[in-house]
There are 2 protein chains.
Amino acid sequence: EMESWSFLDTVESNFRPLVVIELAKGTKEETIEWFTKRIVDKKANGGAQLLIKPLVTENGVENIYLVGASHLRLLLGAETVGLVKECNDNSMRTFTYSSRKTFKDFADDNHNFLTMAECQYIIKHELENLRAKNEKMIPGYPQAKLYPGKSIVRRLLTSGILVQIFPLHDREELKKLRHSWYGRVKVGYQPLDDIRCYFGETIALYFGFLEYFTFALIPMAVIGIPYYVFAWEDYDKYVMFATFNLLWSTVILEVWKRICAILTYRWGTLLMKRQFEEPRPGFHGVLGINPVTGREEPVYSSIKRQLRIYLVSLPFVCLCLYFSLYVMMIYFDLEQWALDYHEENESNFSSLMLYVPSIIYAIVIEIMNRIYRYAAEFLTSWENHRLESSYQNHLILKVLVFNFLNCFASLFYIAFVLFDMKLLRQSLATLLITSQILNQFAESLLPYWLQKRYNRRMKQRMCSQKTDTDLSLAEQVNMEKEMGTYLGTFDDYLELFLQFGYVSLFSCVYPLAAVFAVLNNVTEIYSDALKMCRVYKRPFAEPTANIGVWQLAFETMSVISVVTNCILIGMSPQVDALFPDSKMDLVLTVALVEHLLLAIKFIMAFVIPDKPRDIQMKLAKLEFESLEALKQQ
Amino acid sequence: EMESWSFLDTVESNFRPLVVIELAKGTKEETIEWFTKRIVDKKANGGAQLLIKPLVTENGVENIYLVGASHLRLLLGAETVGLVKECNDNSMRTFTYSSRKTFKDFADDNHNFLTMAECQYIIKHELENLRAKNEKMIPGYPQAKLYPGKSIVRRLLTSGILVQIFPLHDREELKKLRHSWYGRVKVGYQPLDDIRCYFGETIALYFGFLEYFTFALIPMAVIGIPYYVFAWEDYDKYVMFATFNLLWSTVILEVWKRICAILTYRWGTLLMKRQFEEPRPGFHGVLGINPVTGREEPVYSSIKRQLRIYLVSLPFVCLCLYFSLYVMMIYFDLEQWALDYHEENESNFSSLMLYVPSIIYAIVIEIMNRIYRYAAEFLTSWENHRLESSYQNHLILKVLVFNFLNCFASLFYIAFVLFDMKLLRQSLATLLITSQILNQFAESLLPYWLQKRYNRRMKQRMCSQKTDTDLSLAEQVNMEKEMGTYLGTFDDYLELFLQFGYVSLFSCVYPLAAVFAVLNNVTEIYSDALKMCRVYKRPFAEPTANIGVWQLAFETMSVISVVTNCILIGMSPQVDALFPDSKMDLVLTVALVEHLLLAIKFIMAFVIPDKPRDIQMKLAKLEFESLEALKQQ
């Protein structure tokens with residue numbers, strides 16, 4: 001195989017640029033030479049055996065390089081990263097080059113067997129796995145140390161020589177995707193498979209979840225509407241609505257796991273073996289031996305990390321939470337003060353003053369959120385996690401807890417300290433609607449508008465009137481490299497998570513919340529799609545089998561909402577009236593119902609299988625086959 | 001390999017009997033001939049390639065056969081069942097014949113590389129995997145149908161031709177084990193590794209859990225003693241004790257998972273791949289194609305099974321639970337009636353009458369327990385589960401729920417309906433102590449005494465005065481085949497589970513429960529050990545990596561105990577006195593504390609890793625190696 005491989009590489013017949021590498025301006029010649037040599041060098045010599053070409057623009061060579069690979073190289077790379085593809089007998093199997101003929105749609109001349117996103121993922125993986133051999137430093141930069149096994153690309157990135165690596169858009173494909181996704185007015189599902197082919201599984205799964213979640217909210221919304229229309233205030237109707245909501249939210253989260261399994265089985269990521277994770281770029285430590293791989297790499301004591309987490313980060317987060325609660329109390333004081341002031345001297349000025357506390361609080365919350373986000377990122381980075389996944393989980397947890405408190409603390413205070421249901425409903429509506437409008441604006445429309453203006457200027461500067469698809473490669477690269485970088489699905493999930501909180505935590509007080517959530521999500525799908533296609537650089541595809549820590553976050557929220565809803569119902573005057581003699585009986589009944597509901601939730605989560613039967617069967621079949629194969633050996 | 005293999009088998013130099021097969025008296029000659037031929041036949045011809053010899057006693061041949069295997073055959077069998085053994089570099093790896101030289105203590109002439117229990121497990125596995133080829137029925141028994149792929153041994157068992165298969169004791173080894181286990185008075189741990197070598201992982205893990213659990217109860221017992229000695233009744237002391245208990249029970253269950261991982265890693269079962277499970281013997285259905293294996297086997301619709309579970313078994317269990325509660329209510333009525341009768345006419349007879357309700361209730365409970373157990377077994381068998389594991393889980397769940405109610409319903413009634421703490425303490429003590437004494441007697445001492453009497457008679461009949469180790473093989477087999485069959489760890493775990501309930505559910509009322517539990521468990525270890533070594537046939541070793549559904553059962557119990565303890569503390573007069581003005585505040589405080597404790601429990605369970613760091617590392621290392629090996633291919 002090795003022979004035919006290097007043979008094909010020398011032909012280099014049709015170079016298709018897939019990934020762009022931008023080096024810093026003024027990077028030394030010897031560094032560039034060494035780096036490009038390592039990229040094209042044979043695997044046997046420790047190279048990546050990829051193809052690379054400098055980008056020639058009107059201004060000459062600008063330290064921008066295009067990376068591609070031969071068809072054969074990509075197929076071998078697909079085997080390395082462990083891609084799972086569909087076979088001729090409709091089963092999903094891990095791709096290997098030797099068994100390539102058994103795969104559906106495989107033909108030696110079919111260059112579409114791997115999607116472009118997969119090719120780019122393979123190239124990214126190969127680049128990141130380009131490791132130092134005997135180099136002690138990056139040639140030309142003695143301060144950028146290397147040691148055997150260190151990822152060269154990661155060192156180049158951390159030392160600032162490599163500005164960015166990003167995959168190129170495929171203008172033709174993108175246009176088709178845009179059209180089928182949001183280009184025409186239609187009723188129907190999103191083209192999730194196409195999204196997955198273009199953007200990869202993580203992003204496709206986010207849009208799949210967004211769509212599923214929107215559909216799942218529709219029953220809640222439909223049931224909620226008559227409460228608003230007929231102004232129902234009956235006790236039993238509210239109890240019915242809340243009970244339905246609680247059980248429904250359990251069911252939808254369990255069913256999502258099944259749908260997620262169906263999607264990721266089809267996409268092959270459910271079966272994909274997790275690769276061994278390399279240390280994240282920011283990870284540092286004393287050079288030592290990794291006990292798992294036996295390779296040389298920085299080692300950092302796990303006890304030190306635990307100490308940093310529990311002795312610094314945890315107290316800091318608690319302090320922030322306390323501070324946030326303190327600010328909230330000040331807000332309520334201000335509110336009261338403004339109300340008193342308005343009652344004392346009723347004037348235009350005083351009625352204007354009524355709005356001041358809310359405005360100040362909103363601004364302060366936003367500022368706190370941003371500061372906290374930076375602090376959380378700094379702290380999590382300082383905790384020095386070896387793995388990107390572990391870093392992400394700790395960051396998500398920190399941000400999640402703080403955002404939860406920031407969003408819901410005032411509502412909890414109104415509900416369970418002030419006991420003011422009218423104010424609660426009002427605050428809930430205001431918070432939900434304004435946050436949704438602001439989010440959509442800040443997240444998609446504003447960047448879109450900025451990007452559009454920038455593009456227009458760029459084109460004017462280029463003195464051309466071409467449409468997107470007519471741009472030359474150089475123009476395309478120059479335009480895309482200036483686009484913003486999509487930072488992952490974190491903020492999108494966070495938004496959905498908080499929305500789920502608004503809908504479920506106080507669902508029996510404000511049944512209309514689900515209606516607004518559905519309306520928001522319908523437009524959210526479009527604005528998020530717009531964001532992905534128009535505003536940001538194309539992100540690298542990221543294979544994933546589930547939505548990870550978010551499943552847990554949503555499930556926790558639905559447990560908390562059982563508690564809050566039971567208390568709210570218990571506090572309602574209608575229920576109060578049912579127990580005229582003894583408040584004790586009321587409280588005990590509420591507590592009993594709450595425990596029953598929680599028990600039912602857990603039993604339901606236990607009884608509903610996480611994977612549909614046919615997926616279970618297919619997985620069992622594969623496992624059986626591999627056991628049989630082992631026996632045959 | 002095949003050549004050398006059949007070569008060795010023909011030598012048959014030193015036949016070591018490992019497993020005994022007892023056929024029914026009067027089994028037809030042609031059947032025996034066919035069956036033994038299949039057992040000794042070459043693998044290539046679909047045989048098991050084992051060695052078999054009839055047992056010759058004084059009465060001639062009695063349809064009892066001894067099965068053994070050549071050393072080479074056992075090694076190849078070890079590879080088939082996927083045994084994991086320690087390598088020369090101290091890592092645990094799946095044994096393969098080709099890599100045999102890399103394993104610790106391996107030598108071609110070392111016949112102790114595999115323990116006797118492992119050899120017996122391999123033979124059992126090979127016998128059970130002896131499958132019909134083209135036979136349509138068992139020769140000589142036209143009503144015992146076969147189809148290609150059907151396990152012959154299982155058909156022989158279900159049609160009554162095969163009476164039993166059991167592994168032989170090794171009298172020498174057993175004597176050593178008995179000595180180190182319970183033969184001398186000593187303070188120290190049990191020889192778990194020796195137990196595992198002799199009885200296999202499932203039983204060793206039970207004794208490991210029993211020992212661990214006993215040690216884990218000691219802190220509770222130590223803290224509980226002063227409450228009894230000084231008759232402490234202070235509110236804060238009880239709260240402290242209960243809080244400690246609740247957190248402690250969470251910690252011990254989490255820590256057990258880690259210890260379990262350490263033990264099963266050392267024993268190799270943590271890494272052992274689960275074999276594909278064949279249908280259990282009792283499973284029936286229409287002959288079809290198994291979608292997983294593609295083999296012919298009985299198929300039974302999963303929907304039918306679900307219907308049977310949810311429409312018949314579930315209502316039946318609920319009915320039984322209701323009936324059990326009803327009986328309990330009658331008991332309390334009787335109790336009240338006896339009390340009234342005693343107060344009216346105080347006589348010796350009336351004071352004797354006071355005990356009658358308790359005695360009747362105890363007897364009725366015992367009868368109900370037995371009837372329910374049969375019903376549960378019948379129903380679970382009728383549900384027609386394909387897998388033994390699934391059958392076991394459904395049976396355990398049914399029996400567990402009923403036993404839980406039977407044991408604790410009266411205590412719950414006394415605590416939360418009658419509010420009689422004194423009676424609760426008294427009932428708890430009575431129930432705990434009597435059940436422990438009865439259990440130990442019924443479970444071990446009685447069978448031991450019966451067995452001993454039987455053995456004595458046997459020996460007298462044989463007219464010999466030999467000790468155990470001097471018996472001839474024929475005498476040993478004849479004695480062992482009459483011994484009772486150990487039915488698995490179910491009842492032992494159930495006993496521990498109920499004990500855990502007595503200790504934790506009402507711990508703040510009766511702190512002395514832990515003391516009795518510890519005392520009981522110390523003797524339990526000895527009586528269970530006696531039972532295993534003296535009373536029962538040797539059971540087949542059963543590899544396992546954890547205690548399965550019992551972990552879940554214990555964790556559920558510890559969640560329930562948070563609720564009960566919080567309520568008990570809330571009801572105590574001391575706590576009552578703290579909230580003189582408002583009972584509402586009391587209830588709300590208790591509810592808040594309960595929710596906090598539950599939250600802490602779940603967070604602790606989430607934060608404490610299930611496997612110790614070094615085991616995680618070793619597993620990661622193995623996974624990394626297999627990924628690397630795949631890449632090298």
# chains A, B, ... in the order shown; residues from 1 in each chain; ligands from 1
>>> residues_around(residues="segment 274-285 of chain B", least_positions_apart="2", cutoff="7 Å", atoms="only C-alpha atoms", output="PyMOL selection string")
(chain A and resi 624) or (chain B and resi 154+158+272+287+298-300+384-388)
>>> write_last_selection(atoms="C-alpha atoms", output="PDB file, in the first residue's frame")
ATOM      1  CA  PHE A 624     -21.815 -10.215  18.082  1.00  0.00           C
TER       2      PHE A 624
ATOM      3  CA  ARG B 154     -30.150 -27.420  27.577  1.00  0.00           C
ATOM      4  CA  THR B 158     -35.457 -29.506  29.908  1.00  0.00           C
ATOM      5  CA  MET B 272     -13.772  -9.426  30.391  1.00  0.00           C
ATOM      6  CA  LEU B 287     -38.689 -21.130  15.469  1.00  0.00           C
ATOM      7  CA  PRO B 298     -37.031 -19.689  19.059  1.00  0.00           C
ATOM      8  CA  VAL B 299     -38.297 -16.135  18.668  1.00  0.00           C
ATOM      9  CA  TYR B 300     -40.835 -14.499  20.947  1.00  0.00           C
ATOM     10  CA  ASN B 384     -40.726 -15.706  28.782  1.00  0.00           C
ATOM     11  CA  HIS B 385     -37.529 -13.656  28.955  1.00  0.00           C
ATOM     12  CA  ARG B 386     -34.959 -14.614  26.383  1.00  0.00           C
ATOM     13  CA  LEU B 387     -31.975 -13.957  28.640  1.00  0.00           C
ATOM     14  CA  GLU B 388     -31.202 -15.381  32.056  1.00  0.00           C
TER      15      GLU B 388
END
>>> interface_residues(of="chain A", to="chain B", cutoff="10 Å", atoms="only C-alpha atoms", output="PyMOL selection string")
chain A and resi 79-82+273-277+290-294+302+563+582-588+591+595+613-614+616-625+627-628+630-632
>>> closest_residue(among="B:Ala69, B:Val239, B:Ala338, B:Val251", to="Ser572 of chain B", atoms="only C-alpha atoms")
B:Val239
>>> atom_distance(atom1="atom CA of Glu201 of chain B", atom2="atom CA of Asn520 of chain B")
23.7 Å
>>> closest_residue(among="B:Glu475, B:Asp492, B:Asp610, B:Glu366", to="Thr57 of chain B", atoms="only C-alpha atoms")
B:Glu475
>>> atom_distance(atom1="atom CA of Thr264 of chain A", atom2="atom CA of Ile203 of chain A")
12.2 Å
>>> residues_around(residues="Arg370 of chain B", least_positions_apart="5", cutoff="12 Å", atoms="only C-alpha atoms", output="MDAnalysis selection string")
chainID B and resid 363:365 375:377 399 402:403 406
>>> atom_distance(atom1="atom CA of Ser435 of chain A", atom2="atom CA of Thr489 of chain A")
18.2 Å
